[in-house]
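Engineer: Got a structure for you, questions after.
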Amino acid sequence: GVLRLPVQRSTLMVNSEVTKSIKLILAEPRMTLNKVYILVGGPDWPTSVLTGVLRLPVLPMQMGTTPIVLPIALTVLAGGGMLKVNESQVWVSLSSLFLTLSGAAFAGTLLIGLVAVENTKTTKTEELAAMPNDEEVEKYDKDQEEHQEITQQVSKWEDQGLFWQSVLVLAVVFMYCATYLFFLSGKDCFEAIEVTTDYRLPPINNDI
């Protein structure tokens, strides 16, 4: 698969202390709260992808991710409440409450997961040092550093000819013009809709 490529593993920083700390936590044989906090609080990329790259067992990872159902349910309830805000003022309060609880659940689990990773970095230094680095990724990172240095050397402004300097200047000018026009004519390009907008009526007119 594509995740076997060094470029993907390098993006996930598999040789960093952070990733190694995450692996130590997720590879623990028993289900711990720290494991759940990382799997639930971390974003799908790179958390769930990382479990595959590190070749961690599927079943424990799925079990540790299962509590995500709670914040997802709160988010769904918040969305459902938004659809009913025109029916009663109660739904406005409930929707805000569910959305707040959902955000707190996601942010709280992420924060605790980050704390767990940081604690692992500081308390298990010997175990982290004993974990071997990915040699393919090390070679790839070194090649990328050399490539970056060469790119910086050959892309200096003073080393460019008049033609390419003109192209770059025009590109910047056109970018600013496009951005300016976008903001000026935004009303002509977009329609204002909300969650409660009926797609069968203007401005959508069932054209979806």
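The way I read the labels, and the way they are meant: chains A, B, ... in the order of the structure tokens, residue 1 as the first residue of every chain, and ligand 1 as the first ligand shown, with later ones counted on from there.
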Residues at most 6 Å from region 97-111 of chain A, counting only C-alpha atoms, excluding those fewer than 4 positions away in the same chain, as a list in words?
Structural biologist: Tyr37, Gly41, Gly42, Pro71, Leu74, Thr75 and Ala78 of chain A
Engineer: Residues as selected, all heavy atoms, written as a tab-separated table (two decimals), in the first residue's frame, can you do that?
Structural biologist:
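Writing done, so here's selection37.tsv:
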```
chain	number	residue	atom	x	y	z
A	37	TYR	N	-7.89	7.82	25.16
A	37	TYR	CA	-7.82	9.27	24.96
A	37	TYR	C	-7.14	9.60	23.64
A	37	TYR	O	-7.57	10.51	22.91
A	37	TYR	CB	-7.08	9.94	26.11
A	37	TYR	CG	-7.84	9.94	27.40
A	37	TYR	CD1	-7.20	9.69	28.62
A	37	TYR	CD2	-9.21	10.20	27.43
A	37	TYR	CE1	-7.90	9.69	29.81
A	37	TYR	CE2	-9.92	10.21	28.62
A	37	TYR	CZ	-9.26	9.95	29.81
A	37	TYR	OH	-9.95	9.96	30.99
A	41	GLY	N	-9.47	11.17	21.00
A	41	GLY	CA	-9.20	12.60	20.91
A	41	GLY	C	-8.39	13.01	19.71
A	41	GLY	O	-8.53	14.13	19.20
A	42	GLY	N	-7.55	12.10	19.21
A	42	GLY	CA	-6.73	12.44	18.05
A	42	GLY	C	-7.53	12.45	16.77
A	42	GLY	O	-8.50	11.70	16.62
A	71	PRO	N	-19.19	11.48	21.56
A	71	PRO	CA	-19.15	12.83	21.00
A	71	PRO	C	-19.81	12.93	19.62
A	71	PRO	O	-20.36	13.97	19.27
A	71	PRO	CB	-17.65	13.15	20.93
A	71	PRO	CG	-16.95	11.84	21.06
A	71	PRO	CD	-17.84	10.96	21.86
A	74	LEU	N	-23.47	13.34	20.24
A	74	LEU	CA	-23.77	14.71	20.66
A	74	LEU	C	-23.75	15.68	19.47
A	74	LEU	O	-24.58	16.59	19.39
A	74	LEU	CB	-22.75	15.16	21.71
A	74	LEU	CG	-22.84	14.46	23.07
A	74	LEU	CD1	-21.63	14.82	23.93
A	74	LEU	CD2	-24.13	14.84	23.78
A	75	THR	N	-22.83	15.45	18.53
A	75	THR	CA	-22.77	16.29	17.34
A	75	THR	C	-24.01	16.11	16.48
A	75	THR	O	-24.57	17.08	15.95
A	75	THR	CB	-21.51	15.96	16.51
A	75	THR	OG1	-20.35	16.08	17.34
A	75	THR	CG2	-21.37	16.89	15.33
A	78	ALA	N	-26.84	17.87	18.07
A	78	ALA	CA	-26.73	19.31	17.85
A	78	ALA	C	-27.24	19.68	16.46
A	78	ALA	O	-27.97	20.67	16.29
A	78	ALA	CB	-25.29	19.76	18.03
```
Engineer: Please identify all polymer residues within 8 Å of region 10-17 of chain A, counting only C-alpha atoms, omitting same-chain residues fewer than 6 positions from it, and present them as an MDAnalysis selection string.
Structural biologist: chainID A and resid 46 50 121 128 133:134 137:138 140:141
Engineer: Residues of the last selection are to be written out with N, CA and C atoms, as a PDB file, in the first residue's frame.
Structural biologist:
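What ended up in result24.pdb:
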```
ATOM      1  N   PRO A  46      -3.455  12.104  11.886  1.00  0.00           N
ATOM      2  CA  PRO A  46      -2.777  10.848  11.592  1.00  0.00           C
ATOM      3  C   PRO A  46      -3.070   9.692  12.550  1.00  0.00           C
ATOM      4  N   LEU A  50      -1.914   6.153  11.653  1.00  0.00           N
ATOM      5  CA  LEU A  50      -0.663   5.798  12.321  1.00  0.00           C
ATOM      6  C   LEU A  50      -0.714   4.394  12.912  1.00  0.00           C
ATOM      7  N   LYS A 121       7.058  10.659  27.032  1.00  0.00           N
ATOM      8  CA  LYS A 121       8.342  11.158  26.531  1.00  0.00           C
ATOM      9  C   LYS A 121       9.322  11.418  27.662  1.00  0.00           C
ATOM     10  N   LEU A 128      12.278   4.622  24.831  1.00  0.00           N
ATOM     11  CA  LEU A 128      12.208   5.340  23.563  1.00  0.00           C
ATOM     12  C   LEU A 128      13.541   5.284  22.823  1.00  0.00           C
ATOM     13  N   ASN A 133      15.098   3.168  14.751  1.00  0.00           N
ATOM     14  CA  ASN A 133      14.542   4.090  13.762  1.00  0.00           C
ATOM     15  C   ASN A 133      14.265   3.363  12.450  1.00  0.00           C
ATOM     16  N   ASP A 134      13.379   3.915  11.685  1.00  0.00           N
ATOM     17  CA  ASP A 134      13.084   3.406  10.350  1.00  0.00           C
ATOM     18  C   ASP A 134      14.192   3.882   9.419  1.00  0.00           C
ATOM     19  N   VAL A 137      13.180   5.720   6.197  1.00  0.00           N
ATOM     20  CA  VAL A 137      12.720   7.082   6.460  1.00  0.00           C
ATOM     21  C   VAL A 137      13.904   7.993   6.763  1.00  0.00           C
ATOM     22  N   GLU A 138      14.895   7.489   7.493  1.00  0.00           N
ATOM     23  CA  GLU A 138      16.092   8.283   7.784  1.00  0.00           C
ATOM     24  C   GLU A 138      16.795   8.693   6.488  1.00  0.00           C
ATOM     25  N   TYR A 140      15.419   8.825   3.498  1.00  0.00           N
ATOM     26  CA  TYR A 140      14.534   9.728   2.763  1.00  0.00           C
ATOM     27  C   TYR A 140      14.624  11.148   3.324  1.00  0.00           C
ATOM     28  N   ASP A 141      14.614  11.279   4.659  1.00  0.00           N
ATOM     29  CA  ASP A 141      14.694  12.599   5.287  1.00  0.00           C
ATOM     30  C   ASP A 141      16.009  13.296   4.953  1.00  0.00           C
TER      31      ASP A 141
END
```
Engineer: With only C-alpha atoms as the atoms that count, which of A:Gln152, A:Phe163, A:Ser93, A:Glu191 lies nearest to Asn205 (chain A)?
Structural biologist: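 Smallest distance to Asn205 (chain A) is found for A:Glu191.
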Engineer: How would you write, as an MDAnalysis selection string, the set of residues in chain A that DSSP gives as alpha helix (DSSP H)?
Structural biologist: chainID A and resid 6:11 17:26 33:41 44:53 58:65 69:83 89:123 125:130 135:154 162:184 186:189
Engineer: Suppose you want the space between CA of Thr65 (chain A) and CA of Val36 (chain A); what is it in Å?
Structural biologist: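 According to the coordinates, CA of Thr65 (chain A) and CA of Val36 (chain A) are separated by 6.4 Å.
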Engineer: Report, in Å with one decimal, the straight-line distance from CA of Lys139 (chain A) to CA of Gln153 (chain A).
Structural biologist: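 Interatomic distance here is 21.5 Å.
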Engineer: Would you please work out which residue, of A:Ile112, A:Ala192, A:Val76, A:Leu201, is nearest to Ser95 (chain A) when using only C-alpha atoms?
Structural biologist: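 That would be A:Val76, the residue with the smallest distance to Ser95 (chain A).
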Engineer: In terms of the shortest atom-to-atom distance over only C-alpha atoms, which of A:Asn206, A:Met61, A:Leu24, A:Val169 is closest to Ala129 (chain A)?
Structural biologist: A:Leu24
